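For reference, data-v8.pdb is printed below; it contains PDB, C-alpha atoms.
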```
ATOM      1  CA  MET A 155     163.514  14.738-204.819
ATOM      2  CA  ALA A 156     160.291  16.141-203.458
ATOM      3  CA  SER A 157     157.549  13.569-202.836
ATOM      4  CA  GLN A 158     154.700  13.451-205.370
ATOM      5  CA  TYR A 159     152.269  12.876-202.510
ATOM      6  CA  PRO A 160     151.220  15.411-199.849
ATOM      7  CA  SER A 161     152.656  14.939-196.384
ATOM      8  CA  SER A 162     150.480  13.356-193.709
ATOM      9  CA  SER A 163     150.434  16.611-191.739
ATOM     10  CA  SER A 164     149.260  18.499-194.839
ATOM     11  CA  PHE A 165     146.538  15.924-195.447
ATOM     12  CA  PHE A 166     145.241  16.112-191.881
ATOM     13  CA  ASN A 167     145.360  19.908-191.876
ATOM     14  CA  THR A 168     143.224  19.905-195.014
ATOM     15  CA  LEU A 169     140.860  17.329-193.501
ATOM     16  CA  ASN A 170     140.528  19.375-190.324
ATOM     17  CA  LEU A 171     139.791  22.480-192.363
ATOM     18  CA  CYS A 172     137.023  20.648-194.237
ATOM     19  CA  PHE A 173     135.463  19.451-190.992
ATOM     20  CA  CYS A 174     135.653  22.958-189.548
ATOM     21  CA  LEU A 175     133.961  24.442-192.583
ATOM     22  CA  LEU A 176     131.261  21.754-192.488
ATOM     23  CA  PHE A 177     130.747  22.319-188.764
ATOM     24  CA  LEU A 178     130.488  26.066-189.326
ATOM     25  CA  ARG A 179     127.957  25.586-192.121
ATOM     26  CA  LEU A 180     125.842  23.253-189.996
ATOM     27  CA  ASN A 181     125.983  25.731-187.117
ATOM     28  CA  VAL A 182     124.798  28.546-189.396
ATOM     29  CA  ILE A 183     121.920  26.407-190.676
ATOM     30  CA  GLY A 184     121.086  25.342-187.141
ATOM     31  CA  ALA A 185     121.139  28.924-185.897
ATOM     32  CA  ALA A 186     118.827  30.008-188.707
ATOM     33  CA  SER A 187     116.395  27.190-187.939
ATOM     34  CA  ALA A 188     116.540  27.940-184.241
ATOM     35  CA  GLN A 189     115.335  31.490-184.846
ATOM     36  CA  LEU A 190     112.113  30.249-186.440
ATOM     37  CA  THR A 191     110.042  28.861-183.607
ATOM     38  CA  PRO A 192     106.332  28.642-182.777
ATOM     39  CA  ASN A 193     107.026  30.453-179.486
ATOM     40  CA  PHE A 194     109.009  33.343-180.962
ATOM     41  CA  TYR A 195     106.637  35.990-179.550
ATOM     42  CA  ALA A 196     105.759  34.208-176.295
ATOM     43  CA  LYS A 197     107.522  36.836-174.184
ATOM     44  CA  THR A 198     107.723  39.853-176.486
ATOM     45  CA  CYS A 199     104.108  39.830-177.722
ATOM     46  CA  PRO A 200     102.120  37.072-175.984
ATOM     47  CA  ASN A 201      98.813  38.158-177.549
ATOM     48  CA  ALA A 202     100.127  38.222-181.126
ATOM     49  CA  LEU A 203      98.478  35.014-182.336
ATOM     50  CA  SER A 204      95.139  35.763-180.693
ATOM     51  CA  ILE A 205      95.077  39.256-182.228
ATOM     52  CA  ILE A 206      95.768  37.889-185.720
ATOM     53  CA  LYS A 207      93.164  35.151-185.349
ATOM     54  CA  SER A 208      90.521  37.564-184.109
ATOM     55  CA  VAL A 209      90.951  39.956-187.036
ATOM     56  CA  VAL A 210      91.053  37.122-189.581
ATOM     57  CA  ASN A 211      87.929  35.479-188.174
ATOM     58  CA  SER A 212      86.071  38.777-188.270
ATOM     59  CA  ALA A 213      87.129  39.428-191.879
ATOM     60  CA  VAL A 214      86.226  35.921-193.058
ATOM     61  CA  ASN A 215      82.889  36.024-191.250
ATOM     62  CA  SER A 216      82.113  39.254-193.093
ATOM     63  CA  GLU A 217      83.213  37.841-196.455
ATOM     64  CA  ALA A 218      84.185  34.188-196.821
ATOM     65  CA  ARG A 219      86.214  34.936-199.951
ATOM     66  CA  MET A 220      88.651  36.955-197.837
ATOM     67  CA  GLY A 221      90.033  33.700-196.442
ATOM     68  CA  ALA A 222      91.177  32.691-199.919
ATOM     69  CA  SER A 223      92.568  36.180-200.532
ATOM     70  CA  LEU A 224      94.721  36.103-197.398
ATOM     71  CA  LEU A 225      95.972  32.609-198.237
ATOM     72  CA  ARG A 226      96.889  33.816-201.728
ATOM     73  CA  LEU A 227      98.818  36.791-200.335
ATOM     74  CA  HIS A 228     101.074  34.424-198.403
ATOM     75  CA  PHE A 229     101.586  32.169-201.429
ATOM     76  CA  HIS A 230     102.447  35.063-203.750
ATOM     77  CA  ASP A 231     104.763  36.504-201.118
ATOM     78  CA  CYS A 232     106.730  33.305-200.543
ATOM     79  CA  PHE A 233     107.214  32.589-204.251
ATOM     80  CA  VAL A 234     109.115  35.868-204.706
ATOM     81  CA  ASN A 235     112.445  35.961-202.840
ATOM     82  CA  GLY A 236     110.990  34.009-199.936
ATOM     83  CA  CYS A 237     108.433  34.801-197.228
ATOM     84  CA  ASP A 238     109.486  38.371-196.463
ATOM     85  CA  ALA A 239     106.301  40.451-196.902
ATOM     86  CA  SER A 240     107.701  42.119-200.022
ATOM     87  CA  ILE A 241     104.265  41.587-201.584
ATOM     88  CA  LEU A 242     102.847  44.251-199.264
ATOM     89  CA  LEU A 243     105.185  47.086-200.245
ATOM     90  CA  ASP A 244     103.881  49.984-202.306
ATOM     91  CA  ASP A 245     105.976  51.492-205.105
ATOM     92  CA  THR A 246     108.648  53.993-204.090
ATOM     93  CA  SER A 247     111.128  56.192-205.933
ATOM     94  CA  ASN A 248     113.756  53.495-205.311
ATOM     95  CA  PHE A 249     111.897  50.364-206.417
ATOM     96  CA  LYS A 250     108.780  49.132-208.142
ATOM     97  CA  GLY A 251     106.625  47.003-205.886
ATOM     98  CA  GLU A 252     105.148  43.609-206.707
ATOM     99  CA  LYS A 253     101.479  44.569-206.518
ATOM    100  CA  THR A 254     101.262  45.616-210.177
ATOM    101  CA  ALA A 255     103.104  42.587-211.600
ATOM    102  CA  LEU A 256     100.818  40.625-213.947
ATOM    103  CA  PRO A 257     100.006  37.759-211.520
ATOM    104  CA  ASN A 258      99.015  40.313-208.864
ATOM    105  CA  ALA A 259      97.564  43.320-210.682
ATOM    106  CA  ASN A 260      93.870  43.955-210.060
ATOM    107  CA  SER A 261      93.521  40.663-208.223
ATOM    108  CA  LEU A 262      95.384  40.713-204.901
ATOM    109  CA  ARG A 263      93.099  41.452-201.969
ATOM    110  CA  GLY A 264      93.298  41.605-198.205
ATOM    111  CA  PHE A 265      95.733  44.474-197.702
ATOM    112  CA  GLU A 266      93.280  46.307-195.449
ATOM    113  CA  VAL A 267      92.915  43.228-193.255
ATOM    114  CA  VAL A 268      96.700  43.051-192.886
ATOM    115  CA  ASP A 269      96.725  46.780-192.044
ATOM    116  CA  ASP A 270      94.132  46.176-189.327
ATOM    117  CA  ILE A 271      96.147  43.301-187.856
ATOM    118  CA  LYS A 272      99.343  45.345-187.909
ATOM    119  CA  SER A 273      97.655  48.345-186.299
ATOM    120  CA  GLN A 274      96.387  46.245-183.410
ATOM    121  CA  LEU A 275      99.751  44.528-182.982
ATOM    122  CA  GLU A 276     101.594  47.853-182.943
ATOM    123  CA  ALA A 277      99.227  49.088-180.264
ATOM    124  CA  SER A 278      99.852  45.959-178.177
ATOM    125  CA  CYS A 279     103.595  45.473-178.760
ATOM    126  CA  PRO A 280     105.215  48.136-180.970
ATOM    127  CA  GLY A 281     107.921  47.081-183.416
ATOM    128  CA  VAL A 282     107.827  43.393-182.522
ATOM    129  CA  VAL A 283     105.714  41.310-184.917
ATOM    130  CA  SER A 284     106.789  41.229-188.556
ATOM    131  CA  CYS A 285     104.468  41.624-191.524
ATOM    132  CA  ALA A 286     105.912  38.375-192.941
ATOM    133  CA  ASP A 287     104.782  36.493-189.845
ATOM    134  CA  ILE A 288     101.379  38.168-190.046
ATOM    135  CA  LEU A 289     100.928  36.762-193.563
ATOM    136  CA  ALA A 290     102.019  33.272-192.504
ATOM    137  CA  VAL A 291      99.679  33.129-189.502
ATOM    138  CA  ALA A 292      96.769  34.807-191.314
ATOM    139  CA  ALA A 293      97.002  32.202-194.082
ATOM    140  CA  ARG A 294      96.732  29.376-191.543
ATOM    141  CA  ASP A 295      93.905  31.055-189.631
ATOM    142  CA  SER A 296      92.014  31.708-192.875
ATOM    143  CA  VAL A 297      92.085  28.035-193.812
ATOM    144  CA  VAL A 298      90.932  27.055-190.326
ATOM    145  CA  ALA A 299      88.120  29.636-190.464
ATOM    146  CA  LEU A 300      86.860  27.935-193.638
ATOM    147  CA  ARG A 301      86.879  24.515-191.900
ATOM    148  CA  GLY A 302      90.235  23.417-193.252
ATOM    149  CA  PRO A 303      93.246  21.918-191.451
ATOM    150  CA  SER A 304      95.501  23.674-188.981
ATOM    151  CA  TRP A 305      99.276  23.526-188.736
ATOM    152  CA  THR A 306     101.998  24.935-186.526
ATOM    153  CA  VAL A 307     103.451  28.153-187.936
ATOM    154  CA  THR A 308     107.056  28.764-187.002
ATOM    155  CA  LEU A 309     107.763  32.429-186.375
ATOM    156  CA  GLY A 310     110.639  34.868-186.426
ATOM    157  CA  ARG A 311     110.620  36.009-190.055
ATOM    158  CA  ARG A 312     111.655  39.594-190.688
ATOM    159  CA  ASP A 313     110.503  42.005-193.371
ATOM    160  CA  SER A 314     112.292  42.908-196.578
ATOM    161  CA  THR A 315     113.375  46.465-197.315
ATOM    162  CA  THR A 316     112.738  46.147-201.037
ATOM    163  CA  ALA A 317     110.535  44.330-203.559
ATOM    164  CA  ASN A 318     111.184  42.433-206.783
ATOM    165  CA  PHE A 319     108.752  43.274-209.576
ATOM    166  CA  ASP A 320     110.506  41.086-212.157
ATOM    167  CA  ALA A 321     110.537  38.018-209.904
ATOM    168  CA  ALA A 322     106.850  38.538-209.161
ATOM    169  CA  LYS A 323     106.191  38.670-212.888
ATOM    170  CA  ASN A 324     108.227  35.540-213.637
ATOM    171  CA  ASP A 325     108.190  33.258-210.584
ATOM    172  CA  ILE A 326     104.514  33.143-209.605
ATOM    173  CA  PRO A 327     102.914  30.278-211.594
ATOM    174  CA  ALA A 328     100.508  31.572-214.235
ATOM    175  CA  PRO A 329      97.013  30.062-214.753
ATOM    176  CA  THR A 330      97.989  29.309-218.364
ATOM    177  CA  LEU A 331     100.895  26.984-217.544
ATOM    178  CA  ASN A 332     101.053  23.396-218.758
ATOM    179  CA  LEU A 333     101.942  20.586-216.365
ATOM    180  CA  SER A 334     105.670  20.527-217.153
ATOM    181  CA  ALA A 335     105.950  24.280-216.557
ATOM    182  CA  LEU A 336     104.008  23.993-213.306
ATOM    183  CA  ILE A 337     106.322  21.266-212.069
ATOM    184  CA  ALA A 338     109.330  23.393-213.003
ATOM    185  CA  ALA A 339     107.952  26.479-211.238
ATOM    186  CA  PHE A 340     107.393  24.589-207.976
ATOM    187  CA  SER A 341     110.657  22.678-208.281
ATOM    188  CA  LYS A 342     112.455  26.031-208.480
ATOM    189  CA  LYS A 343     111.161  26.631-204.950
ATOM    190  CA  SER A 344     112.242  23.134-203.818
ATOM    191  CA  LEU A 345     108.644  21.914-203.726
ATOM    192  CA  THR A 346     107.922  18.389-204.950
ATOM    193  CA  VAL A 347     105.290  17.375-207.491
ATOM    194  CA  ARG A 348     103.083  15.963-204.737
ATOM    195  CA  GLU A 349     103.455  19.190-202.738
ATOM    196  CA  MET A 350     102.505  21.137-205.857
ATOM    197  CA  VAL A 351      99.303  19.124-206.255
ATOM    198  CA  ALA A 352      98.521  19.541-202.557
ATOM    199  CA  LEU A 353      99.091  23.310-202.584
ATOM    200  CA  SER A 354      96.959  23.612-205.714
ATOM    201  CA  GLY A 355      94.139  22.299-203.546
ATOM    202  CA  SER A 356      93.929  25.817-202.103
ATOM    203  CA  HIS A 357      91.737  26.431-205.165
ATOM    204  CA  THR A 358      88.982  24.676-203.270
ATOM    205  CA  ILE A 359      88.189  28.199-202.006
ATOM    206  CA  GLY A 360      88.073  31.592-203.650
ATOM    207  CA  GLN A 361      87.260  33.131-207.003
ATOM    208  CA  ALA A 362      89.076  33.747-210.291
ATOM    209  CA  ARG A 363      88.614  36.562-212.783
ATOM    210  CA  CYS A 364      87.187  35.968-216.247
ATOM    211  CA  THR A 365      90.434  37.087-217.862
ATOM    212  CA  THR A 366      92.267  34.134-216.272
ATOM    213  CA  PHE A 367      89.988  31.419-217.683
ATOM    214  CA  ARG A 368      88.475  32.952-220.836
ATOM    215  CA  THR A 369      90.849  31.109-223.180
ATOM    216  CA  ARG A 370      90.034  27.807-221.483
ATOM    217  CA  ILE A 371      86.255  28.072-221.789
ATOM    218  CA  TYR A 372      86.268  29.246-225.402
ATOM    219  CA  ASN A 373      89.220  27.354-226.897
ATOM    220  CA  GLU A 374      89.782  24.120-224.970
ATOM    221  CA  ASP A 375      88.125  20.724-225.297
ATOM    222  CA  ASP A 376      89.256  19.156-222.015
ATOM    223  CA  ILE A 377      86.304  20.639-220.171
ATOM    224  CA  ASP A 378      82.807  19.442-219.249
ATOM    225  CA  ALA A 379      80.297  20.809-221.789
ATOM    226  CA  SER A 380      77.672  21.997-219.298
ATOM    227  CA  PHE A 381      80.369  23.529-217.102
ATOM    228  CA  LYS A 382      81.751  25.392-220.120
ATOM    229  CA  THR A 383      78.302  26.697-221.081
ATOM    230  CA  SER A 384      77.568  27.965-217.581
ATOM    231  CA  LEU A 385      80.910  29.786-217.449
ATOM    232  CA  GLN A 386      80.419  31.351-220.879
ATOM    233  CA  ALA A 387      77.123  32.818-219.668
ATOM    234  CA  ASN A 388      79.072  34.749-217.038
ATOM    235  CA  CYS A 389      82.332  35.420-218.868
ATOM    236  CA  PRO A 390      81.965  36.973-222.359
ATOM    237  CA  ARG A 391      84.470  36.565-225.181
ATOM    238  CA  SER A 392      85.491  40.174-224.730
ATOM    239  CA  GLY A 393      85.059  42.597-221.864
ATOM    240  CA  GLY A 394      84.086  41.718-218.318
ATOM    241  CA  ASP A 395      87.654  40.822-217.373
ATOM    242  CA  ASN A 396      87.010  41.288-213.660
ATOM    243  CA  ILE A 397      83.822  39.217-213.484
ATOM    244  CA  THR A 398      84.552  36.327-211.134
ATOM    245  CA  SER A 399      83.584  32.670-210.903
ATOM    246  CA  PRO A 400      84.311  30.232-208.051
ATOM    247  CA  LEU A 401      87.422  28.087-208.427
ATOM    248  CA  ASP A 402      85.468  25.221-206.864
ATOM    249  CA  ILE A 403      81.911  25.012-208.189
ATOM    250  CA  GLN A 404      80.822  22.735-205.335
ATOM    251  CA  THR A 405      81.994  24.283-202.070
ATOM    252  CA  SER A 406      83.826  27.535-202.776
ATOM    253  CA  THR A 407      83.682  28.736-199.177
ATOM    254  CA  THR A 408      84.612  25.454-197.492
ATOM    255  CA  PHE A 409      88.169  24.145-197.454
ATOM    256  CA  ASP A 410      87.741  20.513-198.519
ATOM    257  CA  ASN A 411      88.862  18.107-201.258
ATOM    258  CA  ALA A 412      86.022  18.830-203.738
ATOM    259  CA  TYR A 413      88.534  20.587-206.009
ATOM    260  CA  TYR A 414      90.008  17.225-206.988
ATOM    261  CA  THR A 415      86.604  15.752-207.808
ATOM    262  CA  ASN A 416      86.076  18.735-210.088
ATOM    263  CA  LEU A 417      89.321  17.964-211.910
ATOM    264  CA  VAL A 418      88.362  14.326-212.494
ATOM    265  CA  ASN A 419      85.029  15.558-213.892
ATOM    266  CA  LYS A 420      86.826  18.036-216.192
ATOM    267  CA  LYS A 421      85.534  20.976-214.216
ATOM    268  CA  GLY A 422      88.808  22.664-213.365
ATOM    269  CA  LEU A 423      88.285  26.403-213.804
ATOM    270  CA  LEU A 424      91.829  27.342-214.798
ATOM    271  CA  HIS A 425      93.918  25.697-217.489
ATOM    272  CA  SER A 426      96.610  25.079-214.863
ATOM    273  CA  ASP A 427      94.035  23.385-212.616
ATOM    274  CA  GLN A 428      92.890  20.903-215.262
ATOM    275  CA  GLN A 429      96.496  20.156-216.186
ATOM    276  CA  LEU A 430      96.799  18.286-212.902
ATOM    277  CA  PHE A 431      94.352  15.709-214.252
ATOM    278  CA  SER A 432      94.986  15.457-217.966
ATOM    279  CA  GLY A 433      96.566  12.057-218.489
ATOM    280  CA  GLY A 434      99.881  13.110-216.969
ATOM    281  CA  SER A 435     102.071  12.197-214.030
ATOM    282  CA  THR A 436      99.878  13.933-211.431
ATOM    283  CA  ASP A 437      96.644  12.058-212.187
ATOM    284  CA  ALA A 438      97.377   9.470-209.515
ATOM    285  CA  VAL A 439      97.895  12.067-206.787
ATOM    286  CA  VAL A 440      94.662  13.845-207.758
ATOM    287  CA  ASN A 441      92.812  10.537-207.387
ATOM    288  CA  ILE A 442      94.375   9.948-203.983
ATOM    289  CA  TYR A 443      93.271  13.359-202.744
ATOM    290  CA  ARG A 444      89.830  12.916-204.280
ATOM    291  CA  THR A 445      89.203   9.659-202.451
ATOM    292  CA  LYS A 446      91.175  10.305-199.260
ATOM    293  CA  PRO A 447      90.345  13.746-197.883
ATOM    294  CA  THR A 448      92.339  13.273-194.686
ATOM    295  CA  THR A 449      95.448  12.536-196.750
ATOM    296  CA  PHE A 450      94.945  15.724-198.731
ATOM    297  CA  LEU A 451      94.410  17.868-195.644
ATOM    298  CA  ALA A 452      97.525  16.471-193.970
ATOM    299  CA  ASP A 453      99.649  16.875-197.098
ATOM    300  CA  PHE A 454      98.366  20.406-197.627
ATOM    301  CA  ALA A 455      99.249  21.406-194.069
ATOM    302  CA  ASN A 456     102.752  19.936-194.385
ATOM    303  CA  ALA A 457     103.304  21.651-197.732
ATOM    304  CA  MET A 458     102.210  24.982-196.246
ATOM    305  CA  VAL A 459     104.783  24.620-193.478
ATOM    306  CA  LYS A 460     107.497  23.950-196.054
ATOM    307  CA  MET A 461     106.420  26.818-198.291
ATOM    308  CA  GLY A 462     106.188  29.158-195.313
ATOM    309  CA  ASN A 463     109.839  28.491-194.533
ATOM    310  CA  LEU A 464     111.127  29.513-197.968
ATOM    311  CA  SER A 465     114.171  31.796-197.546
ATOM    312  CA  PRO A 466     113.010  33.782-194.514
ATOM    313  CA  LEU A 467     114.939  36.831-193.351
ATOM    314  CA  ILE A 468     116.080  36.120-189.803
ATOM    315  CA  GLY A 469     118.342  37.486-187.100
ATOM    316  CA  THR A 470     119.355  41.022-188.020
ATOM    317  CA  SER A 471     118.444  40.777-191.715
ATOM    318  CA  GLY A 472     115.669  43.031-192.940
ATOM    319  CA  GLN A 473     113.547  44.890-190.413
ATOM    320  CA  ILE A 474     110.270  44.833-188.523
ATOM    321  CA  ARG A 475     108.094  47.284-190.450
ATOM    322  CA  THR A 476     105.751  49.457-188.424
ATOM    323  CA  ASN A 477     103.593  49.895-191.540
ATOM    324  CA  CYS A 478     103.439  46.839-193.770
ATOM    325  CA  ARG A 479     103.051  48.952-196.910
ATOM    326  CA  LYS A 480     106.383  50.793-196.576
ATOM    327  CA  ILE A 481     109.831  50.378-195.136
ATOM    328  CA  ASN A 482     110.692  52.161-191.895
TER
END
```
Write the structure described by the file as structure tokens, please.
Amino acid sequence: MASQYPSSSSFFNTLNLCFCLLFLRLNVIGAASAQLTPNFYAKTCPNALSIIKSVVNSAVNSEARMGASLLRLHFHDCFVNGCDASILLDDTSNFKGEKTALPNANSLRGFEVVDDIKSQLEASCPGVVSCADILAVAARDSVVALRGPSWTVTLGRRDSTTANFDAAKNDIPAPTLNLSALIAAFSKKSLTVREMVALSGSHTIGQARCTTFRTRIYNEDDIDASFKTSLQANCPRSGGDNITSPLDIQTSTTFDNAYYTNLVNKKGLLHSDQQLFSGGSTDAVVNIYRTKPTTFLADFANAMVKMGNLSPLIGTSGQIRTNCRKIN
């Protein structure tokens, strides 16, 4: 009669196979991680970081708001299929780009700055530095230019050869989301609740269009009365969709923790902003960041590193675009 139990040799063969598969998986993960390194361009384009920083500093000095715009480009890029510069692609006959998706249409800025960076990099080291890495470094340099924290950007991302309009429409968190939907949107990208609150602190700089906060200032009660009145004077009930107001009424061109003080005082510009301090699970984190600026700045920097490593194309995947707006 055949045994009802597997033989010892069969068991160990199966065990060895499992270990081999696990070892292979760990090696693949390790290889992927190894290709993202701060020194990726040290030999192939040693001036890459200084070129990016120089262009960013010049752009931000000319218009402080540009720092927020470049930071937003990186965020909106990473939330759609990972940090692959798909956000920069124009429409083609083969695919619809992400620029006209609702979260991006008529609001994304900074493409010309990226073009300038890419042009200078191509002149210095043709076909070497990816557009995805440009976005990651420009975001960091923008924050630093506005007196915010710095962090080490790992490099080696490659550029996508397509875009995803539907993902841009659905995956980028909308300014109308409630807290539970915000948490779900960030969780989908493996970002924790605390990281979500920290990354939302990027709204300490920049502007928002009237169309994104009109419903809040005319229909919501969880808002400071004088703040509401001042916003209504600038944002009419109808028309004027592209009129802007600062996301942080205190220091809109300085990267600090004033955003969280605004939330506690019911002066969050967007519905999604105020949701972070509305009697829910994130109130405690908002209070921590409000009272401990160094904690916020450190958490923000760490969260940016994590977000910047979302599903990068590495190795031979994708390409290095010579023009960030189109595939080679």
Could you produce a table of the residues of segment 229-307 of chain A lying within 10 Å of segment 391-412 of chain A, with the nearest pair of atoms per residue and their separation in Å rounded to one decimal, using all atoms listed in the file, ordered by chain and increasing residue number, as a Markdown table?
```
| residue | atom | partner | partner_atom | distance |
| --- | --- | --- | --- | --- |
| A:Asn260 | CA | A:Asn396 | CA | 8.2 |
| A:Ser261 | CA | A:Asn396 | CA | 8.5 |
| A:Ser296 | CA | A:Phe409 | CA | 9.6 |
| A:Val297 | CA | A:Phe409 | CA | 6.6 |
| A:Val298 | CA | A:Phe409 | CA | 8.2 |
| A:Ala299 | CA | A:Phe409 | CA | 8.9 |
| A:Leu300 | CA | A:Thr408 | CA | 5.1 |
| A:Arg301 | CA | A:Phe409 | CA | 5.7 |
| A:Gly302 | CA | A:Phe409 | CA | 4.7 |
| A:Pro303 | CA | A:Phe409 | CA | 8.2 |
```
Two-atom distance - atom CA of Ala222 of chain A, atom CA of Tyr413 of chain A (Å):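 Value for the atom CA of Ala222 of chain A-atom CA of Tyr413 of chain A distance: 13.8 Å.
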Tell me which residues come within 7 Å of (114.0, 30.8, -201.2), as an MDAnalysis selection string, counting all atoms listed in the file in the file's coordinates. chainID A and resid 235:236 343 464:465
With C-alpha atoms retained, could you export that selection as a PDB file, in the frame of the given file?
```pdb
ATOM      1  CA  ASN A 235     112.445  35.961-202.840  1.00  0.00           C
ATOM      2  CA  GLY A 236     110.990  34.009-199.936  1.00  0.00           C
ATOM      3  CA  LYS A 343     111.161  26.631-204.950  1.00  0.00           C
ATOM      4  CA  LEU A 464     111.127  29.513-197.968  1.00  0.00           C
ATOM      5  CA  SER A 465     114.171  31.796-197.546  1.00  0.00           C
TER       6      SER A 465
END
```
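Distance check against Phe229 of chain A using only C-alpha atoms: of A:Ile205, A:Val210, A:Ile271, A:Ser354, the minimum falls on A:Ser354.
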Residues near Leu203 of chain A, anyone? I mean within 10 Å using all atoms listed in the file, not counting same-chain ones fewer than 5 positions away, as a PyMOL selection string. chain A and resi 195-196+208+275+283+287-288+291-292+295
Give me, please, the distance in Å between atom CA of Ala239 of chain A and atom CA of Ser314 of chain A, quoted to one decimal.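 Spanning atom CA of Ala239 of chain A to atom CA of Ser314 of chain A is a straight-line distance of 6.5 Å.
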Polymer residues at most 10 Å from segment 435-444 of chain A, all atoms listed in the file, same-chain spacing of 3 or more positions, as a PyMOL selection string: chain A and resi 333-334+337+347-352+355+410-418+429-432+447-451+453
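Distances from A:Leu345, A:Ala213, A:Ala286, A:Ile241 to Ile474 of chain A were compared using only C-alpha atoms, and the smallest one belongs to A:Ala286.
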What does the distance between atom CA of Asp375 of chain A and atom CA of His357 of chain A come to in Å, to one decimal place?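 Interatomic distance, atom CA of Asp375 of chain A to atom CA of His357 of chain A: 21.2 Å.
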When you count only C-alpha atoms, which of these residues is closest to Leu424 of chain A: A:Val268, A:Cys478, A:Ala362, A:Ala218? A:Ala362
Hey, which of A:Asp427, A:Glu374, A:Asp313, A:Asp320 ends up closest to Ser471 of chain A? Count only C-alpha atoms.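 Smallest distance to Ser471 of chain A is found for A:Asp313.
Ranking A:Ala290, A:Cys279, A:Ile359, A:Val214 by their shortest atom-to-atom distance to Thr198 of chain A, with all atoms listed in the file included, puts A:Cys279 first.
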Polymer residues at most 12 Å from Ala277 of chain A, only C-alpha atoms, same-chain spacing of 4 or more positions, as a list in words: Cys199, Asn201, Ala202, Ile205, Asp270, Ile271, Lys272, Ser273, Gly281, Val282, Val283 and Thr476 of chain A
Taking all atoms listed in the file into account, which of A:Trp305, A:Phe194, A:Phe381, A:Phe319 comes nearest Glu252 of chain A?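 For Glu252 of chain A, the nearest of the given residues is A:Phe319.
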Excluding Arg263 of chain A and any residue of its chain fewer than 5 positions from it, enumerate the residues within 8 Å of it, using only C-alpha atoms, and give them as a PyMOL selection string. chain A and resi 220+223-224+227
So which residues get picked by the PyMOL selection byres ((chain A and resi 307) around 6) here, written as a ChimeraX atom specification? /A:192,306,308
Output file for the selection above: C-alpha atoms, as an mmCIF file, in the frame of the given file:
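Listed below is the output, selection04.cif:
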```
data_model
loop_
_atom_site.group_PDB
_atom_site.id
_atom_site.type_symbol
_atom_site.label_atom_id
_atom_site.label_comp_id
_atom_site.auth_asym_id
_atom_site.auth_seq_id
_atom_site.Cartn_x
_atom_site.Cartn_y
_atom_site.Cartn_z
ATOM 1 C CA PRO A 192 106.332 28.642 -182.777
ATOM 2 C CA THR A 306 101.998 24.935 -186.526
ATOM 3 C CA THR A 308 107.056 28.764 -187.002
#
```
